[in-house]
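Student: See data.cif below, with mmCIF, C-alpha atoms.
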data_final
#
loop_
_atom_site.label_atom_id
_atom_site.label_comp_id
_atom_site.auth_asym_id
_atom_site.auth_seq_id
_atom_site.Cartn_x
_atom_site.Cartn_y
_atom_site.Cartn_z
CA MET A 227 101.44 103.18 87.35
CA VAL A 228 100.33 101.15 90.36
CA HIS A 229 102.82 98.81 91.88
CA GLN A 230 103.72 97.06 95.12
CA THR A 231 106.97 95.84 96.61
CA ILE A 232 107.87 92.46 98.01
CA ALA A 233 109.46 92.01 101.40
CA THR A 234 113.02 90.77 100.90
CA LYS A 235 115.95 89.52 102.88
CA ILE A 236 118.99 89.92 100.65
CA THR A 237 121.86 87.58 101.42
CA SER A 238 124.23 88.93 98.78
CA ALA A 239 124.36 91.54 96.05
CA ASN A 240 127.15 92.93 93.94
CA SER A 241 128.29 96.45 94.75
CA ALA A 242 127.97 98.62 91.68
CA SER A 243 126.94 102.03 90.52
CA ILE A 244 123.47 102.02 89.00
CA ARG A 245 123.58 99.99 85.80
CA ILE A 246 120.22 100.39 84.13
CA ASN A 247 119.97 98.79 80.70
CA PRO A 248 122.26 100.93 78.48
CA MET A 249 119.73 100.59 75.65
CA ASN A 250 117.25 102.54 77.76
CA PHE A 251 119.53 105.55 77.85
CA ARG A 252 120.62 105.25 74.24
CA LEU A 253 116.94 105.36 73.30
CA LEU A 254 116.42 108.33 75.59
CA ARG A 255 119.24 110.25 73.95
CA LEU A 256 118.02 109.29 70.48
CA VAL A 257 114.57 110.69 71.15
CA ALA A 258 115.69 113.64 73.29
CA THR A 259 116.12 115.82 70.23
CA THR A 260 112.62 114.96 69.00
CA LEU A 261 111.13 115.75 72.39
CA ILE A 262 113.07 118.98 72.73
CA VAL A 263 112.20 120.21 69.23
CA GLY A 264 108.54 119.69 70.00
CA THR A 265 108.69 121.57 73.26
CA LEU A 266 110.83 124.36 71.81
CA ALA A 267 108.64 125.05 68.79
CA ALA A 268 107.63 128.43 70.17
CA CYS A 269 110.89 129.11 72.03
CA SER A 270 113.68 130.13 69.66
CA THR A 271 115.55 132.36 72.11
CA LYS A 272 118.80 131.33 73.74
CA PRO A 273 118.83 130.20 77.36
CA PRO A 274 118.76 133.22 79.64
CA LYS A 275 121.95 134.17 81.40
CA THR A 276 121.55 133.76 85.11
CA PRO A 277 123.39 135.80 87.72
CA ALA A 278 125.71 134.15 90.19
CA PRO A 279 123.51 132.07 92.48
CA PRO A 280 122.88 133.64 95.87
CA ARG A 281 123.85 131.88 99.06
CA ASP A 282 120.93 130.59 101.10
CA SER A 283 121.64 132.75 104.12
CA ALA A 284 118.31 131.81 105.71
CA ALA A 285 118.72 128.12 104.98
CA ALA A 286 121.33 127.32 107.58
CA THR A 287 120.96 125.22 110.67
CA GLY A 288 117.66 126.56 111.90
CA GLY A 289 114.72 124.28 112.55
CA TYR A 290 111.62 123.55 110.57
CA GLN A 291 109.97 126.48 108.80
CA PRO A 292 106.82 126.52 106.66
CA VAL A 293 107.69 126.36 102.97
CA PRO A 294 106.48 129.45 101.07
CA ALA A 295 103.58 128.54 98.78
CA ALA A 296 104.03 124.82 99.48
CA PRO A 297 100.90 122.69 99.90
CA GLY A 298 101.78 121.75 103.46
CA PRO A 299 102.61 118.02 103.27
CA SER A 300 101.02 116.17 106.18
CA LYS A 301 103.47 113.28 106.52
CA SER A 302 106.74 115.19 106.43
CA ARG A 303 108.39 118.42 107.41
CA TRP A 304 110.74 120.35 105.17
CA VAL A 305 113.79 121.99 106.74
CA PRO A 306 115.65 124.71 104.77
CA ALA A 307 119.04 123.50 103.57
CA GLU A 308 121.95 124.82 101.50
CA TRP A 309 122.95 123.64 98.05
CA ASN A 310 126.27 122.36 99.30
CA ASP A 311 124.32 120.01 101.61
CA LEU A 312 123.26 117.98 98.55
CA PRO A 313 125.74 115.14 97.97
CA GLY A 314 127.17 115.19 94.44
CA PHE A 315 125.19 118.22 93.30
CA SER A 316 128.06 119.56 91.18
CA ASP A 317 128.65 116.22 89.44
CA ASP A 318 125.23 115.04 88.28
CA ALA A 319 124.49 114.67 84.54
CA LEU A 320 121.49 116.98 84.71
CA PHE A 321 120.51 116.54 81.05
CA GLU A 322 119.25 113.03 81.93
CA ALA A 323 116.95 114.48 84.59
CA TRP A 324 115.85 117.26 82.22
CA ASN A 325 114.04 114.66 80.09
CA ALA A 326 111.94 113.77 83.15
CA TRP A 327 111.40 117.45 83.98
CA LEU A 328 110.17 118.14 80.43
CA ARG A 329 107.68 115.34 80.93
CA SER A 330 106.50 116.83 84.24
CA CYS A 331 105.89 120.09 82.41
CA GLU A 332 103.26 118.32 80.31
CA LYS A 333 101.10 118.26 83.47
CA PRO A 334 102.87 120.60 85.86
CA ALA A 335 101.95 121.16 89.48
CA PRO A 336 100.72 124.76 89.97
CA ALA A 337 103.86 125.81 91.86
CA PHE A 338 106.10 124.68 88.99
CA ALA A 339 104.06 125.75 85.96
CA PRO A 340 105.68 129.25 85.85
CA LEU A 341 109.12 127.61 85.60
CA CYS A 342 108.28 125.38 82.64
CA PRO A 343 109.16 127.89 79.89
CA ASP A 344 112.67 128.10 81.37
CA VAL A 345 112.83 124.32 81.77
CA ARG A 346 112.07 123.94 78.06
CA ARG A 347 114.64 126.54 76.99
CA LEU A 348 117.31 125.10 79.26
CA SER A 349 116.89 121.60 77.82
CA ILE A 350 119.62 122.51 75.30
CA ALA A 351 121.77 124.38 77.82
CA SER A 352 124.96 123.17 79.46
CA GLY A 353 124.98 121.46 82.82
CA GLU A 354 126.56 124.55 84.36
CA GLU A 355 123.74 126.77 83.07
CA GLN A 356 121.12 124.32 84.30
CA ARG A 357 122.75 124.14 87.74
CA ALA A 358 123.01 127.92 88.03
CA TRP A 359 119.35 128.33 87.05
CA MET A 360 118.24 125.78 89.64
CA MET A 361 120.19 127.56 92.36
CA ASP A 362 118.66 130.87 91.36
CA LYS A 363 115.04 129.72 91.05
CA LEU A 364 114.75 126.93 93.63
CA ARG A 365 115.56 126.35 97.27
CA PRO A 366 116.44 122.95 98.75
CA TYR A 367 114.57 121.59 101.75
CA ARG A 368 115.65 118.50 103.64
CA VAL A 369 112.69 116.12 103.87
CA GLU A 370 112.22 114.71 107.36
CA ALA A 371 109.65 112.62 109.16
CA VAL A 372 107.47 114.60 111.53
CA ASP A 373 109.58 113.29 114.42
CA GLY A 374 112.76 114.64 112.81
CA ARG A 375 114.16 111.41 111.34
CA VAL A 376 116.11 112.11 108.15
CA ASP A 377 116.88 108.54 107.06
CA GLY A 378 114.39 106.45 105.11
CA MET A 379 114.27 103.60 102.62
CA LEU A 380 114.75 103.33 98.86
CA THR A 381 113.36 100.44 96.82
CA GLY A 382 113.04 99.95 93.07
CA TYR A 383 110.47 99.05 90.43
CA TYR A 384 110.52 98.45 86.70
CA GLU A 385 108.61 97.31 83.64
CA PRO A 386 108.87 93.56 83.03
CA LEU A 387 109.54 92.53 79.43
CA MET A 388 108.39 89.08 78.34
CA ASP A 389 107.36 87.08 75.31
CA ALA A 390 103.65 86.45 74.76
CA ALA A 391 101.22 84.99 72.26
CA ARG A 392 97.80 86.13 71.18
CA THR A 393 96.33 82.64 71.60
CA PRO A 394 97.10 79.88 74.12
CA GLY A 395 99.27 76.87 73.27
CA ASN A 396 102.90 75.96 72.61
CA GLY A 397 103.78 76.72 76.22
CA PHE A 398 101.87 80.04 76.37
CA ASN A 399 99.24 79.01 78.90
CA VAL A 400 99.07 81.84 81.48
CA PRO A 401 96.43 84.47 80.57
CA LEU A 402 96.71 88.22 81.09
CA TYR A 403 93.22 89.70 81.26
CA GLY A 404 91.51 92.96 80.53
CA PRO A 405 88.86 94.10 83.05
CA PRO A 406 85.65 92.02 83.24
CA ALA A 407 82.36 93.78 82.56
CA ASP A 408 81.16 93.54 86.16
CA LEU A 409 84.39 94.72 87.79
CA GLY A 410 82.82 97.92 89.07
CA VAL A 411 79.64 96.19 90.20
CA ARG A 412 80.98 93.31 92.24
CA LYS A 413 83.32 94.65 94.96
CA PRO A 414 85.57 93.11 95.90
CA TRP A 415 85.81 90.91 92.84
CA TYR A 416 86.91 87.25 92.94
CA THR A 417 90.26 86.45 94.57
CA ARG A 418 93.21 85.15 92.58
CA GLN A 419 92.45 81.58 93.68
CA GLN A 420 88.78 81.94 92.75
CA ILE A 421 89.72 83.34 89.34
CA ASP A 422 91.84 80.24 88.73
CA THR A 423 89.35 77.70 90.06
CA GLN A 424 85.73 78.91 89.98
CA ALA A 425 83.56 78.57 86.89
CA ALA A 426 81.68 81.83 87.55
CA ALA A 427 84.90 83.88 87.61
CA GLN A 428 86.23 82.17 84.49
CA ALA A 429 82.94 82.77 82.69
CA ALA A 430 83.12 86.48 83.53
CA LEU A 431 86.60 86.59 81.97
CA ALA A 432 85.67 84.69 78.81
CA GLY A 433 87.01 86.57 75.80
CA LYS A 434 88.91 89.04 78.01
CA ALA A 435 92.42 87.55 77.63
CA ILE A 436 94.72 90.09 75.96
CA ALA A 437 97.69 87.74 75.70
CA TRP A 438 99.18 84.54 77.08
CA VAL A 439 102.63 84.13 78.64
CA ARG A 440 104.65 81.07 79.60
CA ASP A 441 105.66 81.59 83.20
CA PRO A 442 103.14 82.15 86.03
CA VAL A 443 105.85 83.69 88.21
CA GLU A 444 106.66 86.21 85.46
CA ALA A 445 102.95 86.94 85.21
CA MET A 446 102.91 87.61 88.95
CA VAL A 447 105.82 90.04 88.51
CA LEU A 448 103.72 91.88 85.94
CA HIS A 449 100.76 91.99 88.35
CA ILE A 450 102.93 93.38 91.15
CA GLN A 451 104.65 95.99 88.99
CA GLY A 452 101.30 97.00 87.49
CA SER A 453 102.59 97.49 83.96
CA GLY A 454 104.92 95.84 81.48
CA ARG A 455 105.99 95.24 77.92
CA ILE A 456 105.35 92.14 75.87
CA ARG A 457 106.77 90.93 72.58
CA ILE A 458 103.58 89.46 71.25
CA GLN A 459 103.23 86.93 68.49
CA GLU A 460 100.18 87.66 66.40
CA ALA A 461 98.01 85.04 64.69
CA ASP A 462 99.78 85.70 61.37
CA GLY A 463 103.18 84.97 62.95
CA SER A 464 104.36 88.57 63.14
CA VAL A 465 105.85 89.89 66.38
CA ARG A 466 105.46 93.39 67.79
CA LEU A 467 106.20 95.19 71.03
CA VAL A 468 103.25 96.55 73.03
CA ARG A 469 102.69 97.81 76.55
CA LEU A 470 100.22 96.35 79.01
CA ALA A 471 99.13 99.23 81.23
CA PHE A 472 97.26 99.06 84.52
CA ALA A 473 93.47 98.99 84.09
CA GLY A 474 92.18 98.00 87.54
CA THR A 475 92.27 95.39 90.28
CA ASN A 476 89.86 92.98 91.94
CA ASP A 477 89.94 95.20 95.08
CA GLN A 478 91.39 92.38 97.13
CA PRO A 479 94.28 93.14 99.55
CA TYR A 480 97.84 92.85 98.30
CA LYS A 481 99.93 90.20 100.06
CA SER A 482 103.64 89.77 99.37
CA ILE A 483 104.55 86.32 98.08
CA GLY A 484 108.12 86.96 99.20
CA LYS A 485 106.93 87.54 102.75
CA TRP A 486 104.84 84.37 102.55
CA LEU A 487 107.95 82.38 101.66
CA LEU A 488 109.93 84.01 104.47
CA ASP A 489 107.15 83.46 107.02
CA GLN A 490 106.96 79.79 106.01
CA GLY A 491 110.72 79.45 106.46
CA LEU A 492 111.00 78.23 102.86
CA VAL A 493 113.66 80.69 101.66
CA ARG A 494 116.26 83.07 103.03
CA ASP A 495 116.50 85.06 99.79
CA ALA A 496 113.08 86.43 98.81
CA THR A 497 114.33 88.48 95.88
CA TRP A 498 112.80 87.61 92.51
CA PRO A 499 115.71 85.30 91.58
CA GLY A 500 115.20 83.52 94.91
CA ILE A 501 111.44 83.24 94.42
CA THR A 502 111.90 81.92 90.87
CA ALA A 503 114.43 79.33 92.03
CA TRP A 504 112.07 78.11 94.77
CA ALA A 505 109.16 77.87 92.33
CA GLU A 506 111.23 75.80 89.89
CA GLN A 507 112.22 73.43 92.68
CA ASN A 508 108.71 73.15 94.13
CA PRO A 509 106.24 73.06 91.21
CA GLN A 510 103.70 71.16 93.32
CA ARG A 511 103.37 74.19 95.63
CA LEU A 512 103.32 76.87 92.94
CA ASN A 513 99.59 77.59 93.19
CA GLU A 514 99.87 77.80 96.97
CA LEU A 515 102.53 80.47 96.53
CA LEU A 516 100.59 82.47 93.93
CA TRP A 517 97.27 82.23 95.77
CA SER A 518 98.87 83.69 98.90
CA ASN A 519 98.42 87.05 97.12
CA PRO A 520 94.66 87.45 96.51
CA ARG A 521 95.06 90.70 94.53
CA TYR A 522 94.67 90.39 90.77
CA VAL A 523 95.50 93.11 88.24
CA PHE A 524 93.74 93.71 84.91
CA PHE A 525 95.45 95.39 81.97
CA LYS A 526 94.82 97.37 78.82
CA GLU A 527 96.93 97.17 75.68
CA GLU A 528 98.77 100.27 74.44
CA PRO A 529 100.85 100.60 71.25
CA LEU A 530 104.49 101.62 71.63
CA SER A 531 105.86 104.22 69.24
CA THR A 532 109.61 104.90 69.10
CA LEU A 533 109.16 107.82 71.48
CA ASP A 534 106.90 105.86 73.85
CA ALA A 535 109.40 102.99 73.93
CA ALA A 536 112.11 105.32 75.24
CA PHE A 537 110.08 106.09 78.37
CA GLY A 538 108.21 104.05 80.93
CA PRO A 539 104.47 103.87 81.58
CA ARG A 540 102.52 106.86 82.83
CA GLY A 541 102.89 107.40 86.55
CA ALA A 542 100.35 108.82 88.96
CA GLN A 543 101.23 112.36 87.84
CA GLY A 544 99.94 111.39 84.40
CA VAL A 545 103.26 111.62 82.55
CA PRO A 546 105.60 108.88 81.26
CA LEU A 547 108.34 107.78 83.63
CA THR A 548 112.03 108.24 82.83
CA PRO A 549 114.44 105.41 83.72
CA GLY A 550 116.77 106.41 86.52
CA ARG A 551 115.14 109.82 86.94
CA SER A 552 111.55 109.14 88.09
CA ILE A 553 110.56 108.11 91.59
CA ALA A 554 107.36 107.09 93.29
CA VAL A 555 106.66 108.90 96.56
CA ASP A 556 104.00 109.29 99.20
CA ARG A 557 102.12 112.30 97.84
CA ALA A 558 101.24 113.29 101.42
CA SER A 559 104.98 113.87 101.88
CA ILE A 560 106.10 115.21 98.48
CA PRO A 561 103.70 116.56 95.80
CA TYR A 562 103.78 115.13 92.29
CA GLY A 563 106.00 117.05 89.90
CA THR A 564 108.47 118.14 92.58
CA PRO A 565 112.16 117.94 91.63
CA VAL A 566 113.94 116.02 94.37
CA TRP A 567 117.59 115.44 95.20
CA LEU A 568 118.08 111.79 96.07
CA ALA A 569 121.06 110.31 97.93
CA SER A 570 121.34 106.59 98.63
CA SER A 571 124.34 104.38 99.32
CA GLY A 572 124.12 100.63 99.70
CA PRO A 573 125.06 97.21 98.36
CA THR A 574 123.03 97.53 95.16
CA VAL A 575 123.57 101.11 93.89
CA GLN A 576 125.31 104.37 94.75
CA LEU A 577 123.04 107.29 93.88
CA SER A 578 123.34 111.07 94.18
CA ARG A 579 121.13 112.66 91.57
CA LEU A 580 118.22 114.84 90.54
CA VAL A 581 114.93 112.94 90.16
CA LEU A 582 111.28 113.90 89.69
CA ALA A 583 108.42 112.77 91.94
CA GLN A 584 106.06 111.40 89.28
CA ASP A 585 104.42 108.30 90.68
CA THR A 586 103.15 106.53 93.79
CA GLY A 587 102.60 102.97 95.00
CA SER A 588 100.55 101.24 97.65
CA ALA A 589 103.70 100.34 99.61
CA ILE A 590 105.31 103.77 99.27
CA LEU A 591 104.25 105.37 102.53
CA GLY A 592 106.04 107.83 104.79
CA ALA A 593 108.16 110.94 104.61
CA VAL A 594 111.58 109.71 103.49
CA ARG A 595 110.42 106.90 101.23
CA ALA A 596 110.85 106.44 97.49
CA ASP A 597 110.61 103.78 94.79
CA PHE A 598 113.22 104.25 92.06
CA PHE A 599 112.14 103.49 88.47
CA THR A 600 114.98 101.49 86.92
CA GLY A 601 113.57 101.02 83.41
CA TRP A 602 112.48 97.82 81.69
CA GLY A 603 113.78 94.37 80.94
CA HIS A 604 115.93 91.83 82.75
CA GLU A 605 118.78 94.08 83.90
CA ALA A 606 116.42 96.73 85.25
CA GLY A 607 114.52 93.96 87.04
CA GLU A 608 117.71 92.65 88.64
CA VAL A 609 118.47 96.09 90.10
CA ALA A 610 114.88 96.77 91.17
CA GLY A 611 114.47 93.35 92.75
CA ARG A 612 117.50 93.79 95.01
CA LEU A 613 117.20 97.48 95.81
CA LYS A 614 116.43 98.06 99.47
CA GLN A 615 118.74 100.53 101.19
CA ASN A 616 119.13 103.80 103.06
CA LEU A 617 117.73 107.03 101.63
CA ARG A 618 117.86 110.79 102.15
CA LEU A 619 115.78 113.30 100.19
CA TRP A 620 115.77 117.06 99.55
CA ALA A 621 112.74 118.68 97.91
CA LEU A 622 113.58 121.55 95.55
CA TRP A 623 110.85 124.17 95.76
CA PRO A 624 110.42 127.50 93.93
CA ARG A 625 111.66 130.56 95.81
#
As structure tokens, please, write out the structure in this file.
Tutor:
Amino acid sequence: MVHQTIATKITSANSASIRINPMNFRLLRLVATTLIVGTLAACSTKPPKTPAPPRDSAAATGGYQPVPAAPGPSKSRWVPAEWNDLPGFSDDALFEAWNAWLRSCEKPAPAFAPLCPDVRRLSIASGEEQRAWMMDKLRPYRVEAVDGRVDGMLTGYYEPLMDAARTPGNGFNVPLYGPPADLGVRKPWYTRQQIDTQAAAQAALAGKAIAWVRDPVEAMVLHIQGSGRIRIQEADGSVRLVRLAFAGTNDQPYKSIGKWLLDQGLVRDATWPGITAWAEQNPQRLNELLWSNPRYVFFKEEPLSTLDAAFGPRGAQGVPLTPGRSIAVDRASIPYGTPVWLASSGPTVQLSRLVLAQDTGSAILGAVRADFFTGWGHEAGEVAGRLKQNLRLWALWPR
């Protein structure tokens, strides 16, 4: 999943623990049994009993040390830590993260592949057994910038959910396109403004519209997030839920429309609610706003089964994302498939939990930097759109 973030200046936000759409997690729990049965087909033994976890005697206050068998991240350094350094480690509902870990085991990183049989068996274990196994098999490392800074930034992303039609009309006038035939030939391809105004660009996209939506700002959200869900009305009047997955870009640079508004002095709140409010009040300048971002995203349609609908789109690791348990990282700092302890406290959410590094994004750069996948739909978008706060990370690496 390819996504960007918008620069924001948040004037107010309600303090709350993370409140991702409850339906997301009900769906996850409904399908968890199906997922687990599939992965346990050849594993009928009980979870192994683990000995009392050893204390990390070598993981005290010493400085940076090379991580055994680690790939040597170039944008961060990993400092050995102790398990009691991880805020809230004894309180996390690990079974939620286990769904994401099972997904990572579909395409595991080499260092974690030997652990996947245990991960599958422990998917039906208690939280205490899962915690004890982690402490026995893994070691925590505090992720720092190369200059020793431990604090970074957490933002959020999500899957937009919107109504769409298969043909234009009745208010559905904003097209969402599949890739044009000459996308790989002409580089960079036409800008967003040229796509909207030039006959040659429009001719190249003739017959390529997958669906039509009502709101151009919502369409921009979909372009920035890189993936989304649509409730699409077919020609026969039936409605079904499908996913629009990322299929390419016009190779033009990404420019934040929120930053454009801030730079112009037009808003003080460049969150998505603030951008939407400005657009509604200034319809005559809407194209000017949208064209400030020349990047254009093309999509491909994917069906959504019951199981698929309980997870997000595929991230850069190649596995579906889990709401509240998948993050996007800079892969030069943390390899894909790494379990990570995340701690973040701010005006939008309070988080201390196990997550999996399963995705990346063009704006996710640096050592202590992550984008938190909040799920799909309006509530997830509200959290993701306002999330911009302090972050600390610990990578959990095999002993």
Student: When the PyMOL selection byres ((chain A and resi 539) around 12) is applied to the structure above, which residues does it catch, written out as number ranges by chain?
Tutor: A: 227-229, 329, 383-386, 451-455, 468-472, 526-530, 533-538, 540-549, 552, 584-585, 599, 601-602
Student: Of the residues A:Leu402, A:Val555, A:Val376, A:Ala593, which is the one nearest to Ala435 in chain A, using only C-alpha atoms?
Tutor: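 Checking each of A:Leu402, A:Val555, A:Val376, A:Ala593 against Ala435 in chain A, counting only C-alpha atoms, the winner is A:Leu402.
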Student: Care to translate the PyMOL selection byres ((chain A and resi 606-609) around 7) into actual residues of this file, as a list in words?
Tutor: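 Matching residues under the PyMOL selection byres ((chain A and resi 606-609) around 7) are Ile246, Asn247, Tyr384, Pro386, Thr574, Thr600, Gly601, Trp602, Gly603, His604, Glu605, Ala610, Gly611, Arg612 and Leu613 of chain A.
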Student: Find, counting all atoms listed in the file, the residue in A:Val411, A:Ile450, A:Ala351, A:Ala461 that gets nearest to Arg392 in chain A.
Tutor: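 Selected residue with least distance to Arg392 in chain A: A:Ala461.
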Student: What is the distance between CA of Pro520 in chain A and CA of Val493 in chain A, in Å to one decimal?
Tutor: 20.8 Å
Student: One number please: CA of Cys331 in chain A to CA of Ile553 in chain A, in Å, one decimal.
Tutor: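 Spanning CA of Cys331 in chain A to CA of Ile553 in chain A is a straight-line distance of 15.8 Å.
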Student: Name the residues captured by the PyMOL selection byres ((chain A and resi 473) around 8) when it is applied to the shown file; answer as a PDB file with C-alpha atoms, keeping the file's coordinate frame.
Tutor:
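To be explicit, this is the file written out as selection-v1.pdb:
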ATOM      1  CA  GLY A 404      91.510  92.960  80.530  1.00  0.00           C
ATOM      2  CA  PRO A 405      88.860  94.100  83.050  1.00  0.00           C
ATOM      3  CA  ALA A 471      99.130  99.230  81.230  1.00  0.00           C
ATOM      4  CA  PHE A 472      97.260  99.060  84.520  1.00  0.00           C
ATOM      5  CA  GLY A 474      92.180  98.000  87.540  1.00  0.00           C
ATOM      6  CA  THR A 475      92.270  95.390  90.280  1.00  0.00           C
ATOM      7  CA  VAL A 523      95.500  93.110  88.240  1.00  0.00           C
ATOM      8  CA  PHE A 524      93.740  93.710  84.910  1.00  0.00           C
ATOM      9  CA  PHE A 525      95.450  95.390  81.970  1.00  0.00           C
ATOM     10  CA  LYS A 526      94.820  97.370  78.820  1.00  0.00           C
TER      11      LYS A 526
END
